[in-house]
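Have a look at my_file_17.txt below; it lists compact mmCIF, C-alpha atoms.
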```
# COMPACT_ATOMS: atom_id res chain seq x y z
CA MET S 1 109.53 122.34 205.24
CA PRO S 2 109.62 125.48 203.09
CA LEU S 3 109.73 125.20 199.33
CA TYR S 4 112.46 127.01 197.45
CA PRO S 5 112.02 128.80 194.13
CA ARG S 6 114.03 127.65 191.15
CA TRP S 7 116.75 130.30 191.69
CA GLY S 8 117.49 129.03 195.20
CA LEU S 9 116.34 131.93 197.41
CA PRO S 10 114.51 131.02 200.62
CA ALA S 11 110.74 131.32 200.29
CA CYS S 12 110.49 133.64 203.28
CA THR S 13 112.73 136.09 201.43
CA ILE S 14 110.65 135.94 198.27
CA SER S 15 107.43 136.26 200.22
CA LEU S 16 108.65 139.64 201.45
CA LEU S 17 109.45 140.79 197.92
CA LEU S 18 106.46 139.76 195.90
CA PRO S 19 103.15 140.26 197.69
CA PHE S 20 102.54 143.61 195.97
CA SER S 21 99.11 144.88 195.10
CA MET S 22 98.37 146.02 191.57
CA THR S 23 98.79 149.65 192.66
CA SER S 24 102.12 148.94 194.30
CA ARG S 25 103.43 147.16 191.23
CA PHE S 26 102.40 150.07 189.03
CA ALA S 27 104.16 152.50 191.38
CA VAL S 28 107.33 150.39 191.26
CA CYS S 29 107.18 150.40 187.45
CA VAL S 30 106.90 154.18 187.35
CA LEU S 31 109.75 154.69 189.82
CA ALA S 32 111.97 152.24 187.98
CA LEU S 33 111.24 153.94 184.65
CA LEU S 34 112.14 157.34 186.08
CA LEU S 35 115.34 155.86 187.47
CA CYS S 36 116.30 154.28 184.14
CA CYS S 37 115.65 157.55 182.31
CA HIS S 38 117.90 159.36 184.76
CA CYS S 39 120.59 156.71 184.44
CA SER S 40 120.48 156.67 180.64
CA ASP S 41 120.90 160.44 180.58
CA SER S 42 124.17 159.95 182.40
CA TYR S 43 125.64 158.44 179.23
CA GLU S 44 125.72 161.90 177.66
CA PRO S 45 129.16 163.48 178.16
CA SER S 46 128.90 166.18 180.81
CA THR S 47 132.29 167.65 179.96
CA LEU S 48 131.06 169.56 176.93
CA PRO S 49 129.85 173.09 177.76
CA ASP S 50 126.45 174.55 176.95
CA PRO S 51 126.37 177.51 174.50
CA ARG S 52 124.92 179.66 177.32
CA ASP S 53 127.69 178.83 179.77
CA PRO S 54 129.33 182.20 180.67
CA GLN S 55 132.81 180.67 180.82
CA PHE S 56 132.35 179.04 177.41
CA ILE S 57 131.16 182.36 175.95
CA GLU S 58 134.06 184.27 177.50
CA GLU S 59 136.61 181.81 176.13
CA CYS S 60 135.16 181.98 172.63
CA VAL S 61 135.13 185.79 172.55
CA GLU S 62 138.45 186.34 174.35
CA THR S 63 140.34 183.84 172.19
CA HIS S 64 139.04 185.35 168.96
CA ASN S 65 139.89 188.91 170.05
CA ARG S 66 143.36 187.91 171.24
CA PHE S 67 144.20 186.56 167.79
CA ARG S 68 142.51 189.48 166.01
CA SER S 69 144.55 192.05 167.95
CA GLY S 70 147.82 190.26 167.22
CA VAL S 71 147.73 189.87 163.44
CA ASP S 72 150.91 190.41 161.46
CA PRO S 73 151.10 192.69 159.59
CA PRO S 74 149.05 194.80 162.04
CA ALA S 75 145.47 195.76 161.16
CA SER S 76 144.19 199.31 160.93
CA ASP S 77 140.47 198.43 160.85
CA MET S 78 140.04 195.25 162.96
CA ARG S 79 136.75 195.30 164.86
CA TYR S 80 136.33 194.04 168.40
CA MET S 81 134.23 190.86 168.42
CA THR S 82 131.35 190.17 170.83
CA TRP S 83 128.96 187.28 171.44
CA ASP S 84 125.74 186.72 169.52
CA PRO S 85 123.22 184.21 171.01
CA ASP S 86 121.37 183.79 167.71
CA LEU S 87 124.57 182.80 165.89
CA ALA S 88 125.13 180.30 168.71
CA LYS S 89 121.65 178.84 168.03
CA THR S 90 122.65 178.34 164.40
CA ALA S 91 125.96 176.75 165.42
CA LYS S 92 124.21 174.35 167.80
CA ALA S 93 121.50 173.45 165.29
CA TRP S 94 124.05 172.52 162.64
CA ALA S 95 126.42 170.81 165.10
CA LYS S 96 123.60 168.45 166.12
CA LYS S 97 123.55 167.07 162.58
CA CYS S 98 127.05 165.64 163.13
CA LEU S 99 128.28 166.48 159.64
CA PHE S 100 131.81 167.63 158.90
CA LYS S 101 130.68 169.98 156.16
CA HIS S 102 129.61 173.60 156.07
CA ASN S 103 126.02 174.56 156.80
CA ILE S 104 124.15 174.43 153.49
CA TYR S 105 121.97 177.39 154.56
CA LEU S 106 124.82 179.87 155.12
CA GLN S 107 124.38 181.58 151.76
CA GLN S 108 120.58 181.55 151.82
CA ARG S 109 119.33 184.95 152.93
CA GLY S 110 117.78 184.96 156.38
CA LYS S 111 118.21 181.20 156.96
CA THR S 112 120.94 181.42 159.61
CA HIS S 113 120.22 184.65 161.50
CA PRO S 114 117.34 187.06 162.16
CA ARG S 115 119.47 190.18 161.52
CA PHE S 116 122.47 189.15 159.40
CA ALA S 117 121.45 188.16 155.88
CA PHE S 118 124.27 185.61 155.77
CA ALA S 119 126.78 184.09 158.20
CA GLY S 120 130.33 182.76 158.15
CA GLU S 121 131.39 179.47 159.72
CA ASN S 122 134.35 177.51 161.07
CA LEU S 123 134.25 173.81 162.08
CA TRP S 124 136.43 171.64 164.30
CA THR S 125 135.98 167.95 165.14
CA GLY S 126 138.08 165.86 167.52
CA SER S 127 137.94 163.56 170.49
CA ILE S 128 136.20 164.80 173.63
CA ALA S 129 139.46 164.48 175.56
CA ALA S 130 141.24 166.71 173.02
CA PHE S 131 138.59 169.44 172.89
CA THR S 132 139.11 172.87 174.39
CA VAL S 133 137.73 176.13 173.08
CA LYS S 134 141.17 177.72 172.93
CA GLY S 135 142.68 174.68 171.27
CA ALA S 136 140.05 174.52 168.53
CA ILE S 137 140.21 178.24 167.71
CA THR S 138 144.01 178.14 167.84
CA SER S 139 144.01 175.37 165.24
CA TRP S 140 142.03 177.66 162.94
CA TYR S 141 144.37 180.60 163.53
CA ASN S 142 147.45 178.45 162.95
CA GLU S 143 146.52 178.26 159.29
CA VAL S 144 148.20 181.68 159.13
CA GLN S 145 151.36 179.76 158.18
CA PHE S 146 149.72 178.94 154.85
CA TYR S 147 148.55 182.51 154.14
CA THR S 148 150.58 185.30 152.55
CA TYR S 149 149.12 188.76 153.15
CA ASN S 150 151.06 190.53 150.40
CA THR S 151 149.75 188.26 147.65
CA ASN S 152 146.50 187.29 149.43
CA GLU S 153 147.18 183.64 148.61
CA CYS S 154 146.97 180.34 150.48
CA SER S 155 149.51 177.58 149.94
CA LYS S 156 147.15 175.16 151.72
CA VAL S 157 143.82 175.52 153.55
CA CYS S 158 143.66 178.89 155.31
CA GLY S 159 139.98 179.88 155.18
CA HIS S 160 139.50 179.20 158.89
CA TYR S 161 142.28 181.67 159.70
CA THR S 162 140.97 184.41 157.42
CA GLN S 163 137.49 184.12 158.96
CA VAL S 164 138.89 184.40 162.49
CA VAL S 165 140.67 187.66 161.54
CA TRP S 166 138.10 189.05 159.12
CA ALA S 167 138.04 192.73 160.09
CA THR S 168 134.34 193.45 159.54
CA SER S 169 133.07 190.31 161.33
CA TYR S 170 132.18 191.63 164.78
CA LYS S 171 129.78 188.98 166.12
CA VAL S 172 130.46 185.33 166.93
CA GLY S 173 128.33 182.49 168.28
CA CYS S 174 129.67 179.00 168.96
CA ALA S 175 128.44 175.60 170.15
CA VAL S 176 129.86 172.14 170.72
CA HIS S 177 127.91 168.89 170.44
CA PHE S 178 128.68 165.26 171.25
CA CYS S 179 128.51 163.01 168.19
CA PRO S 180 129.03 159.23 168.34
CA LYS S 181 130.07 159.56 164.71
CA VAL S 182 130.68 162.61 162.52
CA ALA S 183 129.95 162.03 158.85
CA TYR S 184 132.96 162.47 156.53
CA THR S 185 135.41 161.76 159.39
CA SER S 186 136.65 158.62 161.11
CA ILE S 187 136.56 160.09 164.63
CA PRO S 188 134.24 158.21 167.03
CA ASN S 189 132.61 159.80 170.08
CA ALA S 190 133.61 163.27 168.95
CA ALA S 191 133.25 166.82 170.15
CA HIS S 192 131.86 168.71 167.14
CA PHE S 193 132.62 172.43 167.56
CA ILE S 194 131.23 175.17 165.31
CA CYS S 195 131.47 178.95 165.32
CA ASN S 196 129.31 181.22 163.17
CA TYR S 197 130.21 184.81 162.32
CA GLY S 198 128.34 187.94 161.33
CA PRO S 199 128.76 189.53 158.95
CA PRO S 200 130.58 186.69 157.17
CA GLY S 201 134.10 186.89 155.79
CA ASN S 202 136.15 185.01 153.23
CA TYR S 203 135.33 187.00 150.15
CA PRO S 204 138.21 187.06 147.61
CA VAL S 205 139.89 190.10 149.17
CA ARG S 206 142.34 190.51 152.06
CA PRO S 207 140.77 189.90 155.49
CA TYR S 208 141.80 193.31 156.85
CA LYS S 209 143.58 196.54 155.98
CA THR S 210 147.13 196.87 157.20
CA GLY S 211 148.49 199.97 158.90
CA THR S 212 148.72 201.60 162.31
CA GLU S 213 146.40 199.84 164.75
CA CYS S 214 142.93 201.47 164.94
CA SER S 215 143.94 204.20 162.47
CA GLU S 216 140.84 203.38 160.37
CA CYS S 217 138.35 202.94 163.18
CA GLY S 218 136.45 206.05 162.08
CA GLY S 219 136.68 207.74 165.46
CA GLU S 220 135.60 204.64 167.41
CA GLN S 221 137.22 203.60 170.67
CA CYS S 222 140.47 201.66 170.34
CA THR S 223 140.74 198.76 172.79
CA ASN S 224 143.78 196.51 172.62
CA LYS S 225 144.33 197.40 168.94
CA LEU S 226 140.67 196.72 168.07
CA CYS S 227 137.91 199.11 167.02
CA ARG S 228 135.06 199.21 169.54
CA ASN S 229 131.58 200.67 169.23
CA LEU S 230 129.37 200.28 172.30
CA GLN S 231 126.21 200.24 170.22
CA ARG S 232 127.61 197.56 167.92
CA ASP S 233 128.94 195.56 170.87
CA LYS S 234 125.55 195.17 172.56
CA ILE S 235 124.42 191.57 172.96
CA VAL S 236 121.03 191.20 171.27
CA GLU S 237 118.90 188.07 171.06
CA ASP S 238 115.64 187.34 169.28
CA PHE S 239 114.09 184.90 171.76
CA LYS S 240 111.38 183.90 169.28
CA TRP S 241 113.82 183.04 166.51
CA TYR S 242 115.28 179.61 165.79
CA PRO S 243 116.56 178.26 162.47
CA GLU S 244 113.53 176.99 160.57
CA TRP S 245 115.59 174.07 159.26
CA ASP S 246 116.39 172.91 162.80
CA LYS S 247 113.99 169.97 162.81
CA PRO S 248 114.06 167.68 165.85
CA ALA S 249 116.26 164.77 164.87
CA CYS S 250 117.44 161.60 166.53
CA ASP S 251 121.08 160.79 165.84
CA GLU S 252 122.88 157.54 166.68
CA PHE S 253 123.47 158.65 170.26
CA CYS S 254 119.78 159.48 170.65
CA VAL S 255 118.78 156.09 169.20
CA THR S 256 121.10 154.34 171.66
CA ILE S 257 119.56 156.17 174.62
CA ILE S 258 116.03 155.35 173.49
CA SER S 259 116.96 151.70 173.02
CA VAL S 260 118.47 151.51 176.50
CA ARG S 261 115.36 153.06 177.99
CA LEU S 262 113.06 150.64 176.20
CA ILE S 263 115.13 147.64 177.33
CA LEU S 264 115.14 148.86 180.92
CA LEU S 265 111.41 149.49 180.78
CA LEU S 266 110.83 145.96 179.48
CA LEU S 267 113.00 144.46 182.21
CA THR S 268 111.16 146.51 184.81
CA PHE S 269 107.82 145.24 183.50
CA LEU S 270 109.04 141.64 183.58
CA ALA S 271 110.37 142.01 187.11
CA THR S 272 107.25 143.59 188.60
CA TRP S 273 104.46 141.89 186.66
CA LEU S 274 105.50 138.59 185.12
CA LEU S 275 108.14 137.06 187.39
CA PRO S 276 105.68 136.24 190.24
CA LYS S 277 104.05 133.70 187.93
CA TYR S 278 107.27 131.66 187.94
CA TRP S 279 107.59 131.44 191.68
CA SER S 280 106.07 128.90 193.96
CA ILE S 281 105.83 130.49 197.36
CA VAL S 282 104.91 128.82 200.62
CA PRO S 283 105.27 130.75 203.89
CA ALA S 284 108.25 129.55 205.87
CA SER S 285 107.45 127.60 209.01
CA GLY S 286 108.72 128.51 212.41
```

As structure tokens:
Amino acid sequence: MPLYPRWGLPACTISLLLPFSMTSRFAVCVLALLLCCHCSDSYEPSTLPDPRDPQFIEECVETHNRFRSGVDPPASDMRYMTWDPDLAKTAKAWAKKCLFKHNIYLQQRGKTHPRFAFAGENLWTGSIAAFTVKGAITSWYNEVQFYTYNTNECSKVCGHYTQVVWATSYKVGCAVHFCPKVAYTSIPNAAHFICNYGPPGNYPVRPYKTGTECSECGGEQCTNKLCRNLQRDKIVEDFKWYPEWDKPACDEFCVTIISVRLILLLLTFLATWLLPKYWSIVPASG
């Protein structure tokens, strides 16, 4: 008459599951840990693009240039904007901090870029479902309704708009990061989107000169009402450079993932090493 363990499974079944050697149990632990690490990674939203994603880059650049070429009144000196990977590094590094405030290093020489002394910045935070590159940049541009070119005054916030159309800013780098919580907002599980600009704008003067499109390009090529210079438009990256203030940090999302992994590891250990002690196994007869 076979004995049954306390959970009610037939002993013959348990006898097939538990007679592992020490080496086998260790191997099971390792495999289970790798599986739990893979599974816990799946919690990270996969819908948010990487800063090196070509489609993400194209959307950021195209959307900025579309708005820059369509300003009203028209601009005579608006530069064509191209991507800058190092500005994207800065955007990503600050986005990871999950703070709805401007980068405190923007006005510290050399802290945000290896070639530009300073950098400009725009921020957008919203739900992951609501995030699109075009939508975020459009929200910045829509502040045009609060800006009056003739008087160079804002009736409400319009600094995001003036940075988007700042004539002498010709490089942009953007990044988006998942944040379970963004400080100074009430939005949970947010997409935190940041763009940095070089050279920066938003000095207390008008963002561009008005007049016939490209009339003040200084002999440069005029493309879709924007001044283009092939040398200036080259994409350059300093592969050795990263913001020195970008210290590895563990936000709330990171803490959650680590906690899940530790719990799964503990359960794996219990299942493969300790549970056999609680079973009374007798080979089934017949």

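The space separating CA of His192 in chain S from CA of Leu123 in chain S comes to 7.6 Å.
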
Nearby residues (only C-alpha atoms) at most 6 Å from range 174-179 of chain S, same-chain spacing under 6 positions excluded, as a PDB file with C-alpha atoms, in the frame of the given file:
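Once written, part35.pdb looks like this:
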```
ATOM      1  CA  PRO S  51     126.370 177.510 174.500  1.00  0.00           C
ATOM      2  CA  ALA S  88     125.130 180.300 168.710  1.00  0.00           C
ATOM      3  CA  ALA S  91     125.960 176.750 165.420  1.00  0.00           C
ATOM      4  CA  LYS S  92     124.210 174.350 167.800  1.00  0.00           C
ATOM      5  CA  ALA S  95     126.420 170.810 165.100  1.00  0.00           C
ATOM      6  CA  CYS S  98     127.050 165.640 163.130  1.00  0.00           C
ATOM      7  CA  ASN S 189     132.610 159.800 170.080  1.00  0.00           C
ATOM      8  CA  ALA S 190     133.610 163.270 168.950  1.00  0.00           C
ATOM      9  CA  ALA S 191     133.250 166.820 170.150  1.00  0.00           C
ATOM     10  CA  HIS S 192     131.860 168.710 167.140  1.00  0.00           C
ATOM     11  CA  PHE S 193     132.620 172.430 167.560  1.00  0.00           C
ATOM     12  CA  ILE S 194     131.230 175.170 165.310  1.00  0.00           C
ATOM     13  CA  CYS S 195     131.470 178.950 165.320  1.00  0.00           C
TER      14      CYS S 195
END
```

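Of the listed residues S:Val157, S:Asp233, S:Ile128, S:Tyr184, the one whose atoms come nearest to Glu220 in chain S is S:Asp233, with distances taken using all atoms listed in the file.
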
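Relative to CA of Lys101 in chain S, CA of Ile187 in chain S is found at 14.3 Å.
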
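The interatomic distance for the pair CA of Gln55 in chain S and CA of Trp241 in chain S works out to 23.9 Å.
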
Could you check which of S:Val205, S:Ile137, S:Ala167, S:Leu106 is closest to Asn150 in chain S, using all atoms listed in the file?
S:Val205
